[in-house]
Every structure is written in structure tokens, then in C-alpha cells.
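What follows is a single structure, written as C-alpha cells, with notes after it.
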Amino acid sequence: MVGDEKPSTMAAPRQPADDNAFKRELVQLIPHLRAFARTLCGDPAAADDLAQDAMMKAWDARASFQMGTNMKAWTFMILRNQFYSEKRRSWRQSQLDQEAAERTLVAVDDPEAPVALDELRQGLAMLPPEQREALILVGAGGFAYEEAAEICGCAVGTVKSRVSRARRALHVILDEGAYDRDGASAGDAMRSILADAERLSTVR
Amino acid sequence: MIEQRPSEERRRSSAAMDEARLRQQAIGVRLRQMFDEVVNEQVPEEFLEILRRADSRSSENG
């Protein structure tokens with residue numbers, strides 16, 4: 001039947017096997033979509049709503065996805081676009097999101113969590129959103145600069161400079177204790193992060 | 001040029017570089033840990049339920 005083309009208003013019918021393969025891969029990406037959504041909107045419930053919307057958008061657009069290409073970057077781009085289009089729709093809502101993000105980035109669910117993590121969250125919350133996003137994609141999401149640029153719809157050089165500015169700013173924030181933490185003295189955050197890192201590196 | 005630098009100065013600058021690198025690594029480790037905390041959470045059943053419903057809808061239509 002290949003080459004047996006007839007004019008059609010519909011795309012070639014998708015095979016159930018295509019959908020199954022797509023779905024399998026999409027299901028594996030859900031945890032990553034949730035994590036990325038959490039860094040964008042902070043509030044866990046709002047983040048899960050966003051991740052679900054993105055998942056459904058990806059599912060609905062599955063015919064336009066080419067299997068074998070980077071589905072993670074593709075779904076992250078969908079999620080990010082969804083987030084910013086919702087933000088544009090309601091400025092007020094976006095302000096609430098920002099406040100929720102700051103609250104949640106600061107909140108620690110696990111009382112046993114290392115202090116350093118709490119401080120890093122707080123430091124991240126102080127970064128401009130585009131720097132935070134770039135740093136998270138590259139530094140935590142495991143994306144190459146090129147992929148992060150595609151996700152954010154900007155030039156590779158822009159991502160590189162955002163990441164390096166974010167790193168420098170985080171240093172300053174953590175070093176100087178510029179974040180607001182009762183009783184913590186300057187440099188405590190960086191010291192505890194370094195101590196943790198040293199412990200981790202000796203384990204390896 | 002580096003060879004002509006007094007060894008003390010060289011030692012200090014390389015120690016500073018090492019420290020900067022260590023700090024970057026430390027932040028990197030923490031960043032991944034923060035992200036992975038959510039990645040490792042159990043996915044709420046709701047996600048899979050929504051996908052199942054969408055899938056059965058599309059197979060009815062198709």
C-alpha cells in the first residue's frame with residue numbers, strides 16, 4: 001500500500017502500535033514532567049494540574065511527534081508553553097503562582113531533609129525566572145544547552161549565559177546568606193552545601 | 001607564562017580554582033537532588049487514569 005496515495009483530508013491512520021509505544025514513553029516521562037512543573041509553579045497541586053494538562057496536550061499531538069526523536073525535550077516544551085500561556089491569560093493568577101512558588105520552594109516536607117537543600121530552594125526562588133528555568137533544565141533536568149534552548153525557544157548562547165549568571169548569583173546568595181533565614185549567619189548555606197558535597201564525593 | 005609565576009601564587013590561584021569548581025559541583029549535586037526528589041515520588045494514579053480514559057476514547061473514535 002505504500003505509494004498508493006489518494007487525496008485525503010485526514011492524516012494517515014495511526015496504528016494502535018504507534019499509540020502504545022508513544023504512551024509507554026509518555027508514562028515514563030510523567031515523573032520528570034511533574035518535577036519540571038513543580039519548579040515552574042511551586043505549589044504541588046497546581047504543578048500536577050500543569051503536568052496533567054501538558055501530558056494530555058502531548059497525547060493529543062502524538063501524530064505530530066516523530067518517534068525516536070527526543071520526547072522528553074518535546075514534552076518539556078509543551079509544558080513550558082502551557083505554563084506561560086496560562087500565565088499570560090491571567091496576570092493576577094501568575095502573581096499568586098509566584099507567591100506560591102516562593103512559599104513552596106522554601107517549604108520542606110521532609111523534616112530530615114538536609115538543611116542545604118532548603119537553602120538551595122530559597123536561593124533558587126530569588127533568581128529571575130528565566131535564569132532559574134535555564135539552570136534547572138541544564139543542571140537538574142539533564143538537558144544539553146541545545147535542547148534547553150529549543151525548550152525555551154531561545155538561542156543556545158542565551159541559555160549558556162542564563163545558566164552561568166544563575167550559577168554566579170546562586171553562589172553569592174548562598175555565600176552571603178542573602179536569603180532570609182532566621183538565625184543563619186553569612187556563609188552557612190554554602191558551608192553546609194560544601195560539607196554535604198564532600199561527604200557525597202567520598203562515598204563515590 | 002605560567003611557569004614564570006612564583007610557585008606560591010600559582011598554588012594559591014589553583015586552590016581558588018579548585019574551590020570554585022568544588023562549589024559548582026556542590027550546587028550541581030544539590031540541584032539534581034532537589035529535582036530527583038520529585039522525580040522519585042510515586043506518580044499519582046490520576047495521571048494514569050486520565051491517560052487511560054483518553055486512550056479508550058481515541059480507540060472508540062478511531
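As shown in the C-alpha cells, the chain order sets the letters A, B, ...; within each chain, residues go from 1, and ligands are also counted from 1 in the order they appear.
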
Once you count only C-alpha atoms, which residues of chain A turn out to be within 9 Å of chain B? Could you give them as a PyMOL selection string? chain A and resi 13-14+16+19+23+27+30-36+38-39+48+51-52+55-56+59-60+116-117+120-121+135-136+139-142+167+170-171+190+193-198+200

Which residues in chain B does DSSP call alpha helix (DSSP H)? List them as a PyMOL selection string. chain B and resi 7-39+45-61

So that I have them on file, write out the residues from the current selection with N, CA and C atoms, as a CSV table (one decimal), in the first residue's frame.
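Below is the file result_6.csv, written as the result:
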```csv
chain,number,residue,atom,x,y,z
B,7,SER,N,55.8,30.2,42.7
B,7,SER,CA,55.1,29.0,42.9
B,7,SER,C,54.0,29.2,44.0
B,8,GLU,N,54.2,30.1,44.9
B,8,GLU,CA,53.2,30.3,45.9
B,8,GLU,C,51.9,30.9,45.3
B,9,GLU,N,52.1,31.9,44.4
B,9,GLU,CA,51.0,32.5,43.8
B,9,GLU,C,50.2,31.5,42.9
B,10,ARG,N,51.0,30.6,42.3
B,10,ARG,CA,50.4,29.6,41.4
B,10,ARG,C,49.6,28.7,42.3
B,11,ARG,N,50.1,28.3,43.4
B,11,ARG,CA,49.5,27.4,44.3
B,11,ARG,C,48.1,28.0,44.8
B,12,ARG,N,48.2,29.3,45.2
B,12,ARG,CA,47.0,29.9,45.7
B,12,ARG,C,45.9,30.0,44.6
B,13,SER,N,46.3,30.4,43.4
B,13,SER,CA,45.3,30.5,42.3
B,13,SER,C,44.7,29.2,41.9
B,14,SER,N,45.5,28.2,42.0
B,14,SER,CA,44.9,26.9,41.6
B,14,SER,C,44.0,26.4,42.7
B,15,ALA,N,44.4,26.7,44.0
B,15,ALA,CA,43.5,26.3,45.1
B,15,ALA,C,42.2,27.1,45.0
B,16,ALA,N,42.2,28.3,44.6
B,16,ALA,CA,41.0,29.1,44.4
B,16,ALA,C,40.1,28.5,43.3
B,17,MET,N,40.8,28.1,42.2
B,17,MET,CA,40.1,27.5,41.1
B,17,MET,C,39.4,26.2,41.5
B,18,ASP,N,40.2,25.4,42.3
B,18,ASP,CA,39.7,24.1,42.8
B,18,ASP,C,38.4,24.4,43.7
B,19,GLU,N,38.5,25.4,44.5
B,19,GLU,CA,37.4,25.7,45.4
B,19,GLU,C,36.2,26.1,44.6
B,20,ALA,N,36.4,27.0,43.6
B,20,ALA,CA,35.3,27.4,42.7
B,20,ALA,C,34.6,26.2,42.0
B,21,ARG,N,35.5,25.3,41.6
B,21,ARG,CA,35.0,24.1,40.9
B,21,ARG,C,34.2,23.2,41.9
B,22,LEU,N,34.7,23.1,43.1
B,22,LEU,CA,34.0,22.3,44.1
B,22,LEU,C,32.7,22.9,44.4
B,23,ARG,N,32.6,24.2,44.5
B,23,ARG,CA,31.4,24.8,44.8
B,23,ARG,C,30.3,24.6,43.7
B,24,GLN,N,30.8,24.7,42.5
B,24,GLN,CA,29.9,24.5,41.3
B,24,GLN,C,29.3,23.1,41.4
B,25,GLN,N,30.2,22.1,41.7
B,25,GLN,CA,29.8,20.7,41.7
B,25,GLN,C,28.8,20.5,42.9
B,26,ALA,N,29.1,21.2,44.0
B,26,ALA,CA,28.2,21.0,45.1
B,26,ALA,C,26.8,21.5,44.8
B,27,ILE,N,26.7,22.7,44.2
B,27,ILE,CA,25.4,23.2,43.8
B,27,ILE,C,24.8,22.3,42.8
B,28,GLY,N,25.5,21.8,41.9
B,28,GLY,CA,25.0,20.8,40.9
B,28,GLY,C,24.4,19.6,41.5
B,29,VAL,N,25.1,19.0,42.5
B,29,VAL,CA,24.7,17.8,43.2
B,29,VAL,C,23.3,18.1,43.9
B,30,ARG,N,23.3,19.3,44.6
B,30,ARG,CA,22.1,19.6,45.3
B,30,ARG,C,20.9,19.9,44.4
B,31,LEU,N,21.2,20.5,43.2
B,31,LEU,CA,20.1,20.8,42.3
B,31,LEU,C,19.5,19.6,41.7
B,32,ARG,N,20.3,18.6,41.4
B,32,ARG,CA,19.8,17.3,40.9
B,32,ARG,C,19.0,16.6,42.0
B,33,GLN,N,19.5,16.7,43.2
B,33,GLN,CA,18.9,16.0,44.3
B,33,GLN,C,17.4,16.6,44.5
B,34,MET,N,17.4,17.9,44.4
B,34,MET,CA,16.1,18.6,44.6
B,34,MET,C,15.1,18.2,43.5
B,35,PHE,N,15.5,18.1,42.3
B,35,PHE,CA,14.7,17.7,41.2
B,35,PHE,C,14.3,16.2,41.3
B,36,ASP,N,15.3,15.4,41.6
B,36,ASP,CA,15.1,14.0,41.7
B,36,ASP,C,14.1,13.6,42.8
B,37,GLU,N,14.1,14.5,43.8
B,37,GLU,CA,13.1,14.2,44.9
B,37,GLU,C,11.7,14.1,44.4
B,38,VAL,N,11.4,15.0,43.4
B,38,VAL,CA,10.0,14.9,42.8
B,38,VAL,C,9.9,13.8,41.8
B,39,VAL,N,11.0,13.6,41.0
B,39,VAL,CA,11.0,12.5,40.1
B,39,VAL,C,10.7,11.2,40.7
B,45,GLU,N,-2.1,8.3,40.9
B,45,GLU,CA,-2.9,7.4,40.0
B,45,GLU,C,-3.7,8.2,38.9
B,46,GLU,N,-4.1,9.4,39.3
B,46,GLU,CA,-4.9,10.3,38.5
B,46,GLU,C,-4.2,10.5,37.1
B,47,PHE,N,-2.9,10.6,37.0
B,47,PHE,CA,-2.2,10.8,35.7
B,47,PHE,C,-2.5,9.6,34.8
B,48,LEU,N,-2.4,8.4,35.3
B,48,LEU,CA,-2.6,7.2,34.5
B,48,LEU,C,-4.0,7.0,34.1
B,49,GLU,N,-4.9,7.4,35.1
B,49,GLU,CA,-6.3,7.3,34.8
B,49,GLU,C,-6.7,8.2,33.7
B,50,ILE,N,-6.2,9.4,33.7
B,50,ILE,CA,-6.6,10.4,32.6
B,50,ILE,C,-6.1,9.9,31.3
B,51,LEU,N,-4.9,9.3,31.3
B,51,LEU,CA,-4.3,8.8,30.0
B,51,LEU,C,-5.1,7.6,29.5
B,52,ARG,N,-5.5,6.7,30.5
B,52,ARG,CA,-6.3,5.6,30.1
B,52,ARG,C,-7.6,6.0,29.5
B,53,ARG,N,-8.3,7.0,30.1
B,53,ARG,CA,-9.6,7.5,29.5
B,53,ARG,C,-9.4,8.0,28.1
B,54,ALA,N,-8.3,8.8,27.9
B,54,ALA,CA,-8.0,9.4,26.6
B,54,ALA,C,-7.8,8.3,25.6
B,55,ASP,N,-7.0,7.3,26.0
B,55,ASP,CA,-6.7,6.2,25.1
B,55,ASP,C,-7.9,5.5,24.7
B,56,SER,N,-8.8,5.2,25.6
B,56,SER,CA,-10.0,4.4,25.2
B,56,SER,C,-10.9,5.3,24.4
B,57,ARG,N,-10.9,6.6,24.6
B,57,ARG,CA,-11.7,7.5,23.8
B,57,ARG,C,-11.2,7.5,22.4
B,58,SER,N,-9.9,7.5,22.2
B,58,SER,CA,-9.4,7.6,20.9
B,58,SER,C,-9.5,6.3,20.1
B,59,SER,N,-9.5,5.2,20.8
B,59,SER,CA,-9.7,3.9,20.1
B,59,SER,C,-11.2,3.7,19.7
B,60,GLU,N,-12.1,4.3,20.5
B,60,GLU,CA,-13.5,4.3,20.1
B,60,GLU,C,-13.7,5.1,18.9
B,61,ASN,N,-13.1,6.3,18.8
B,61,ASN,CA,-13.3,7.1,17.7
B,61,ASN,C,-12.6,6.6,16.4
```

Could you check which of A:Glu176, A:Ser64, A:Gly42, A:Asp53 is closest to Asp18 (chain A), using only C-alpha atoms?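 Answer, going by the shortest atom-to-atom distance: A:Ser64.
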
Pairwise distance for CA of Met71 (chain A) and CA of Val156 (chain A), rounded to one decimal in Å: 19.3 Å

Given the choices A:Ala63, A:Leu50, A:Ala169, A:Val159, which gets closest to Glu133 (chain A) if the distance is worked out from only C-alpha atoms?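 Comparing A:Ala63, A:Leu50, A:Ala169, A:Val159 against Glu133 (chain A), the winner is A:Val159.
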
CA of Ala144 (chain A) to CA of Arg24 (chain A): how many Å, to one decimal?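 Atom-to-atom, CA of Ala144 (chain A) to CA of Arg24 (chain A), that is 23.7 Å.
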
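For the pair CA of Ala54 (chain A) and CA of Phe76 (chain A), the interatomic distance is 8.2 Å.
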
Considering only C-alpha atoms, can you say which of A:Arg168, A:Arg80, A:Arg62, A:Lys72 comes closest to Ala47 (chain A)? A:Arg80
